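Below is work31.cif, holding mmCIF, C-alpha atoms and all ligand atoms.
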```
data_entry
#
loop_
_atom_site.label_atom_id
_atom_site.label_comp_id
_atom_site.auth_asym_id
_atom_site.auth_seq_id
_atom_site.Cartn_x
_atom_site.Cartn_y
_atom_site.Cartn_z
CA MET A 1 8.62 43.13 37.94
CA VAL A 2 5.97 42.60 35.31
CA ASP A 3 4.68 45.90 33.92
CA LEU A 4 1.18 45.22 32.75
CA ALA A 5 0.49 48.95 32.38
CA ILE A 6 1.89 48.75 28.84
CA ALA A 7 -1.15 46.78 27.75
CA GLU A 8 -2.46 47.87 24.37
CA PRO A 9 -5.67 47.35 22.42
CA VAL A 10 -6.92 43.89 22.15
CA SER A 11 -6.97 41.69 19.05
CA THR A 12 -9.28 38.83 18.05
CA GLY A 13 -6.82 36.03 18.68
CA PRO A 14 -7.08 32.93 20.81
CA ALA A 15 -8.86 33.42 24.13
CA HIS A 16 -6.80 30.69 25.79
CA VAL A 17 -3.15 29.99 25.09
CA ALA A 18 -1.49 27.05 26.85
CA ILE A 19 2.28 26.70 26.79
CA ILE A 20 4.63 23.77 27.30
CA MET A 21 7.74 25.67 28.37
CA ASP A 22 10.58 23.46 27.18
CA GLY A 23 14.32 23.86 26.66
CA ASN A 24 15.58 25.42 29.90
CA GLY A 25 18.16 22.66 30.36
CA ARG A 26 19.49 22.89 26.80
CA TRP A 27 19.64 26.69 27.05
CA ALA A 28 21.81 26.35 30.18
CA ALA A 29 23.98 23.55 28.75
CA SER A 30 24.72 25.56 25.61
CA ARG A 31 26.18 28.25 27.88
CA GLY A 32 28.05 25.87 30.16
CA LEU A 33 25.69 26.77 33.01
CA PRO A 34 23.89 24.51 35.52
CA ARG A 35 20.31 23.55 34.67
CA ALA A 36 19.04 25.75 37.51
CA ALA A 37 20.33 28.79 35.61
CA GLY A 38 18.14 27.73 32.69
CA HIS A 39 15.10 27.56 34.96
CA ARG A 40 15.93 31.01 36.40
CA ALA A 41 16.07 32.40 32.89
CA GLY A 42 12.80 30.54 32.26
CA VAL A 43 11.10 32.63 34.94
CA GLU A 44 12.16 35.78 33.06
CA ALA A 45 10.47 34.32 29.99
CA VAL A 46 7.33 33.71 32.08
CA ARG A 47 7.32 37.42 32.98
CA ARG A 48 7.71 38.48 29.35
CA THR A 49 4.98 36.08 28.29
CA LEU A 50 2.54 37.38 30.89
CA GLU A 51 3.06 40.90 29.59
CA ALA A 52 2.65 39.71 26.01
CA ALA A 53 -0.55 37.81 26.84
CA VAL A 54 -2.11 40.93 28.35
CA LYS A 55 -0.90 43.11 25.50
CA HIS A 56 -2.41 40.79 22.91
CA GLY A 57 -5.76 40.43 24.66
CA VAL A 58 -5.42 36.79 25.63
CA SER A 59 -7.68 36.20 28.60
CA TRP A 60 -6.45 32.75 29.66
CA LEU A 61 -2.81 31.68 29.82
CA THR A 62 -1.92 28.21 31.06
CA LEU A 63 1.72 27.41 31.80
CA TYR A 64 3.00 23.86 32.27
CA ALA A 65 5.49 24.64 35.02
CA PHE A 66 5.96 21.20 36.57
CA SER A 67 4.68 17.86 35.30
CA SER A 68 3.88 14.89 37.50
CA GLU A 69 6.86 13.20 35.81
CA ASN A 70 9.24 16.04 36.81
CA TRP A 71 9.45 14.55 40.34
CA ARG A 72 11.80 11.97 38.77
CA ARG A 73 14.47 14.64 38.20
CA PRO A 74 17.51 14.87 40.51
CA SER A 75 16.67 16.37 43.88
CA ASP A 76 18.86 19.47 43.38
CA GLU A 77 16.94 20.34 40.22
CA ILE A 78 13.60 19.78 41.96
CA GLN A 79 14.81 22.08 44.73
CA ALA A 80 15.78 24.73 42.22
CA LEU A 81 12.39 24.53 40.51
CA THR A 82 10.37 24.59 43.73
CA GLY A 83 12.53 27.45 45.03
CA LEU A 84 11.74 29.49 41.93
CA LEU A 85 8.08 28.67 42.27
CA ARG A 86 8.11 29.73 45.93
CA ARG A 87 9.70 33.08 45.08
CA PHE A 88 7.38 33.62 42.11
CA VAL A 89 4.22 32.95 44.12
CA ARG A 90 5.33 34.94 47.15
CA SER A 91 6.70 38.04 45.48
CA GLU A 92 5.61 38.30 41.85
CA LEU A 93 2.04 37.28 42.28
CA SER A 94 1.09 40.10 44.62
CA GLU A 95 2.34 42.52 41.97
CA LEU A 96 0.51 40.59 39.26
CA GLY A 97 -2.62 40.60 41.37
CA ARG A 98 -2.48 44.39 41.59
CA ASN A 99 -2.37 44.40 37.80
CA GLY A 100 -5.53 42.38 37.32
CA VAL A 101 -4.10 38.86 37.01
CA ARG A 102 -6.09 36.03 38.58
CA LEU A 103 -4.21 32.89 39.57
CA HIS A 104 -5.54 29.36 39.22
CA VAL A 105 -3.56 26.21 39.97
CA ILE A 106 -4.18 22.76 38.52
CA GLY A 107 -2.34 19.57 39.45
CA GLU A 108 -1.39 17.73 42.62
CA ARG A 109 -0.47 20.77 44.67
CA ASN A 110 -0.43 18.73 47.87
CA ARG A 111 2.88 17.19 46.75
CA PHE A 112 4.63 20.54 47.30
CA ASP A 113 5.93 21.86 50.64
CA ALA A 114 3.24 23.21 52.96
CA ASP A 115 4.46 26.81 52.70
CA ILE A 116 4.13 26.69 48.90
CA GLN A 117 0.62 25.26 49.18
CA THR A 118 -0.32 28.05 51.57
CA ALA A 119 1.18 30.74 49.33
CA LEU A 120 -0.70 29.32 46.32
CA ALA A 121 -4.02 29.25 48.18
CA GLU A 122 -3.47 32.80 49.43
CA ALA A 123 -2.60 34.05 45.95
CA GLU A 124 -5.67 32.36 44.45
CA ALA A 125 -7.93 33.91 47.09
CA ALA A 126 -6.32 37.35 46.85
CA THR A 127 -6.69 37.50 43.07
CA ALA A 128 -10.12 35.83 42.80
CA SER A 129 -11.93 38.95 41.65
CA ASN A 130 -9.38 39.93 38.97
CA THR A 131 -10.46 39.72 35.35
CA LYS A 132 -7.69 41.03 33.08
CA LEU A 133 -5.81 37.76 32.67
CA ASN A 134 -6.47 34.31 34.09
CA LEU A 135 -3.11 32.69 34.74
CA VAL A 136 -3.33 28.93 35.19
CA ILE A 137 -0.17 27.30 36.49
CA ALA A 138 -0.03 23.53 36.02
CA LEU A 139 1.96 22.09 38.93
CA SER A 140 2.66 18.41 39.40
CA TYR A 141 0.09 18.09 36.65
CA GLY A 142 -0.57 15.03 34.53
CA ALA A 143 -3.58 14.79 32.25
CA ARG A 144 -4.09 11.05 32.62
CA ALA A 145 -4.15 11.35 36.41
CA GLU A 146 -6.61 14.24 36.07
CA ILE A 147 -8.91 12.14 33.88
CA VAL A 148 -8.69 9.13 36.19
CA ALA A 149 -9.53 11.35 39.19
CA ALA A 150 -12.60 12.65 37.35
CA ALA A 151 -13.65 9.10 36.44
CA GLN A 152 -13.23 8.07 40.08
CA LEU A 153 -15.39 10.97 41.20
CA ALA A 154 -18.08 10.08 38.67
CA ALA A 155 -18.04 6.45 39.87
CA LYS A 156 -18.36 7.54 43.51
CA LEU A 157 -21.25 9.88 42.67
CA ALA A 158 -22.99 7.05 40.81
CA VAL A 159 -22.49 4.60 43.67
CA ALA A 160 -23.86 7.20 46.09
CA GLY A 161 -26.94 7.54 43.90
CA LYS A 162 -26.10 11.14 43.04
CA LEU A 163 -25.37 10.55 39.36
CA ASP A 164 -27.41 8.60 36.85
CA PRO A 165 -24.74 6.95 34.62
CA ASP A 166 -26.92 7.63 31.58
CA LYS A 167 -26.67 11.34 32.34
CA LEU A 168 -22.86 11.29 32.31
CA ASP A 169 -22.09 13.23 29.14
CA GLU A 170 -19.08 15.26 27.96
CA ALA A 171 -20.20 18.48 29.64
CA TYR A 172 -20.80 16.74 32.97
CA PHE A 173 -17.46 14.96 32.81
CA ALA A 174 -15.59 18.17 31.87
CA ASN A 175 -16.95 19.70 35.06
CA LEU A 176 -15.26 17.01 37.12
CA LEU A 177 -11.83 17.88 35.71
CA ALA A 178 -9.38 20.29 37.34
CA THR A 179 -10.18 22.73 34.54
CA ALA A 180 -13.94 22.88 35.22
CA ALA A 181 -15.14 26.43 34.47
CA MET A 182 -12.08 27.16 32.33
CA PRO A 183 -12.38 27.41 28.56
CA ASP A 184 -10.53 24.81 26.50
CA PRO A 185 -7.21 26.04 25.08
CA ASP A 186 -7.48 27.43 21.55
CA LEU A 187 -3.72 27.35 21.00
CA ILE A 188 -1.13 25.03 22.49
CA LEU A 189 2.42 26.18 22.04
CA ARG A 190 5.58 24.18 22.74
CA THR A 191 9.08 25.58 22.62
CA SER A 192 12.47 23.94 21.95
CA GLY A 193 11.58 22.01 18.79
CA GLU A 194 9.88 19.08 20.55
CA GLN A 195 6.50 18.16 19.08
CA ARG A 196 4.76 16.27 21.86
CA LEU A 197 1.89 16.88 24.25
CA SER A 198 3.66 15.13 27.16
CA ASN A 199 0.52 14.36 29.17
CA PHE A 200 -0.67 17.99 29.07
CA LEU A 201 -4.40 18.87 28.82
CA LEU A 202 -5.27 15.69 26.88
CA TRP A 203 -9.04 16.10 27.24
CA GLN A 204 -9.06 19.87 26.84
CA SER A 205 -6.90 19.93 23.69
CA ALA A 206 -9.41 18.03 21.53
CA TYR A 207 -9.80 20.97 19.12
CA ALA A 208 -6.74 23.05 19.97
CA GLU A 209 -4.38 24.33 17.31
CA PHE A 210 -0.73 23.41 17.87
CA VAL A 211 2.23 25.67 17.23
CA PHE A 212 5.79 24.43 17.72
CA THR A 213 8.79 26.72 17.78
CA ASP A 214 12.48 25.86 17.89
CA VAL A 215 13.15 28.73 20.29
CA LEU A 216 14.26 27.52 23.73
CA TRP A 217 11.96 28.69 26.53
CA PRO A 218 14.46 31.13 28.17
CA ASP A 219 14.72 32.93 24.80
CA PHE A 220 10.95 33.20 24.41
CA GLY A 221 9.36 36.63 24.52
CA GLU A 222 6.84 38.97 23.00
CA ALA A 223 8.08 38.55 19.41
CA GLU A 224 7.73 34.76 19.58
CA PHE A 225 4.34 35.05 21.28
CA ALA A 226 3.11 37.39 18.55
CA GLN A 227 4.46 35.03 15.89
CA ALA A 228 2.50 32.13 17.39
CA LEU A 229 -0.68 34.22 17.41
CA ALA A 230 -0.09 35.13 13.76
CA GLU A 231 0.32 31.44 12.91
CA PHE A 232 -2.90 30.70 14.81
CA SER A 233 -4.77 33.38 12.87
CA ARG A 234 -3.86 31.59 9.61
CA ARG A 235 -5.45 28.34 10.76
CA GLU A 236 -8.99 27.46 9.76
CA ARG A 237 -10.77 25.94 12.72
CA ARG A 238 -13.68 23.69 11.89
CA PHE A 239 -14.22 21.80 15.16
CA GLY A 240 -14.91 18.64 13.17
CA ALA A 241 -17.45 20.28 10.86
CA ARG A 242 -17.18 20.40 7.06
CA PRO A 243 -15.48 23.40 5.47
CA SER A 244 -17.99 26.13 4.62
C1 LIG Q 1 11.43 22.38 30.64
O1 LIG Q 1 12.79 22.54 30.43
C2 LIG Q 1 10.97 23.24 31.71
C3 LIG Q 1 10.60 22.83 32.95
C4 LIG Q 1 10.64 21.41 33.37
C5 LIG Q 1 10.15 23.73 33.98
C6 LIG Q 1 9.55 25.04 33.55
C7 LIG Q 1 9.73 25.97 34.68
C8 LIG Q 1 9.99 27.28 34.62
C9 LIG Q 1 10.01 28.04 33.37
C10 LIG Q 1 10.30 28.05 35.85
C11 LIG Q 1 9.27 28.02 36.93
C12 LIG Q 1 7.94 28.53 36.50
C13 LIG Q 1 7.18 29.39 37.21
C14 LIG Q 1 5.79 29.65 36.74
C15 LIG Q 1 7.66 30.08 38.39
P1 LIG Q 1 13.75 21.28 30.54
O2 LIG Q 1 14.46 21.39 31.84
O3 LIG Q 1 12.97 20.02 30.33
O4 LIG Q 1 14.72 21.57 29.33
P2 LIG Q 1 15.50 20.50 28.45
O5 LIG Q 1 14.48 19.70 27.72
O6 LIG Q 1 16.31 21.38 27.55
O7 LIG Q 1 16.34 19.70 29.39
#
```

Could the structure of this file be written out as structure tokens, please?
Ligand code: FPP
Amino acid sequence: MVDLAIAEPVSTGPAHVAIIMDGNGRWAASRGLPRAAGHRAGVEAVRRTLEAAVKHGVSWLTLYAFSSENWRRPSDEIQALTGLLRRFVRSELSELGRNGVRLHVIGERNRFDADIQTALAEAEAATASNTKLNLVIALSYGARAEIVAAAQLAAKLAVAGKLDPDKLDEAYFANLLATAAMPDPDLILRTSGEQRLSNFLLWQSAYAEFVFTDVLWPDFGEAEFAQALAEFSRRERRFGARPS
């Protein structure tokens, strides 16, 4: 169970950390275990990371739990992943909700089993007034599909006479994305030594700082989270402006 009561004073780090949790399979293979065991250990790392995010005063945490490309994995692995998700949403999230965590889901949730969709909607509704940590879980998420869906919506609004194409600016478009009303990530972290964005938050990451660690996701915890925040604090963010 996640113990958020250990939360300590808040620092001035990134408000929004987004994580590409990678390396579960390699973690399992290096131990001669099935990939599902790596994903199970990955859920433990999710718990540790939630605690660390609260402790370090991060107010938004986005986790890339399942990409739209992950449906191409063997069916037993998909079953293992959706089973873990089902358990996490049903049992952990009520506890998290009691501790001030608010759940948001982005991605094509309608591709999951109906009971998972229901559990997600219930958890989102039940935690809607929480403010300590916004947890965004990206499920069957792909950034290109998200951008195309927003473009489609804009086109439909224009055809219906509800949007003047000349008024379509960045702010308007951002509000058509799944992440409308969420701040852009300040820090994007990827584990396992890979240095790719893999179709994650392409629009939203325009000015994000990137931190890559060789640690495999199941080994990730508070120390690695703190290290990433320390690396972030050494970066000078200019958002395209000239250095002062
Ligand atoms: C990448 O490892 C990880 C995933 C595809 C899934 C991440 C899922 C979890 C941590 C568990 C479920 C999450 C929640 C929020 C309940 P990989 O399998 O691609 O590893 P590899 O690159 O070493 O093969």

Restricting the calculation to all atoms listed in the file: of A:Ala52, A:Leu216, A:Ala119, A:Ala151, which residue gets closest to ligand LIG 1 (chain Q)?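 Between A:Ala52, A:Leu216, A:Ala119, A:Ala151, the residue approaching ligand LIG 1 (chain Q) most closely is A:Leu216.
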
Hey, which residues sit close to ligand LIG 1 (chain Q)? Say within 8 Å, counting all atoms listed in the file, and write them as a PyMOL selection string. chain A and resi 20-28+35+38-43+45-46+63-67+70+81-82+84-89+137+192+216-218

Selected residue of minimal separation from A:His56 among A:Ala121, A:Val17, A:Ala206, A:Ala36, counting all atoms listed in the file: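 Result for the nearest residue to A:His56: A:Val17.
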
Please measure the separation of atom CA of A:Ala155 and atom CA of A:Ala174, giving the value in Å to one decimal. 14.4 Å

So what do you get for atom CA of A:Gly107 versus atom CA of A:Leu139, distance-wise?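 Separating atom CA of A:Gly107 from atom CA of A:Leu139 is a distance of 5.0 Å.
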
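For the residues A:Ala125, A:Leu96, A:Lys156, A:Gly193, ranking by smallest atom-to-atom distance to A:Arg47 using only C-alpha atoms places A:Leu96 first.
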
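Counting from atom CA of A:Asp113, the distance to atom CA of A:Leu176 is 25.6 Å.
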
Restricting the calculation to all atoms listed in the file: of A:Glu231, A:Asp164, A:Asp169, A:Glu194, which residue gets closest to A:Val215?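 Comparing A:Glu231, A:Asp164, A:Asp169, A:Glu194 against A:Val215, the winner is A:Glu194.
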
Using only C-alpha atoms for the distances, tell me which of A:Gln227, A:Asn175, A:Ser59, A:Thr213 is nearest to A:Ala15.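 Among the listed residues, the smallest separation from A:Ala15 belongs to A:Ser59.
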
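Remark: for A:Ala180, the closest of the candidate residues A:Ala53, A:Leu33, A:Ala241, A:Val105 is A:Val105 (distances computed over only C-alpha atoms).
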
I'd like the neighbourhood of A:Val148 as a JSON list (two decimals) with C-alpha atoms, in the coordinates of the input, where a residue qualifies if any of its atoms comes within 12 Å (using only C-alpha atoms), though same-chain residues fewer than 5 positions away should be ignored.
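As a result, selection_6.json now contains:
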```json
[["chain", "number", "residue", "atom", "x", "y", "z"],
["A", 142, "GLY", "CA", -0.57, 15.03, 34.53],
["A", 143, "ALA", "CA", -3.58, 14.79, 32.25],
["A", 153, "LEU", "CA", -15.39, 10.97, 41.20],
["A", 154, "ALA", "CA", -18.08, 10.08, 38.67],
["A", 155, "ALA", "CA", -18.04, 6.45, 39.87],
["A", 173, "PHE", "CA", -17.46, 14.96, 32.81],
["A", 176, "LEU", "CA", -15.26, 17.01, 37.12],
["A", 177, "LEU", "CA", -11.83, 17.88, 35.71],
["A", 178, "ALA", "CA", -9.38, 20.29, 37.34],
["A", 202, "LEU", "CA", -5.27, 15.69, 26.88],
["A", 203, "TRP", "CA", -9.04, 16.10, 27.24]]
```
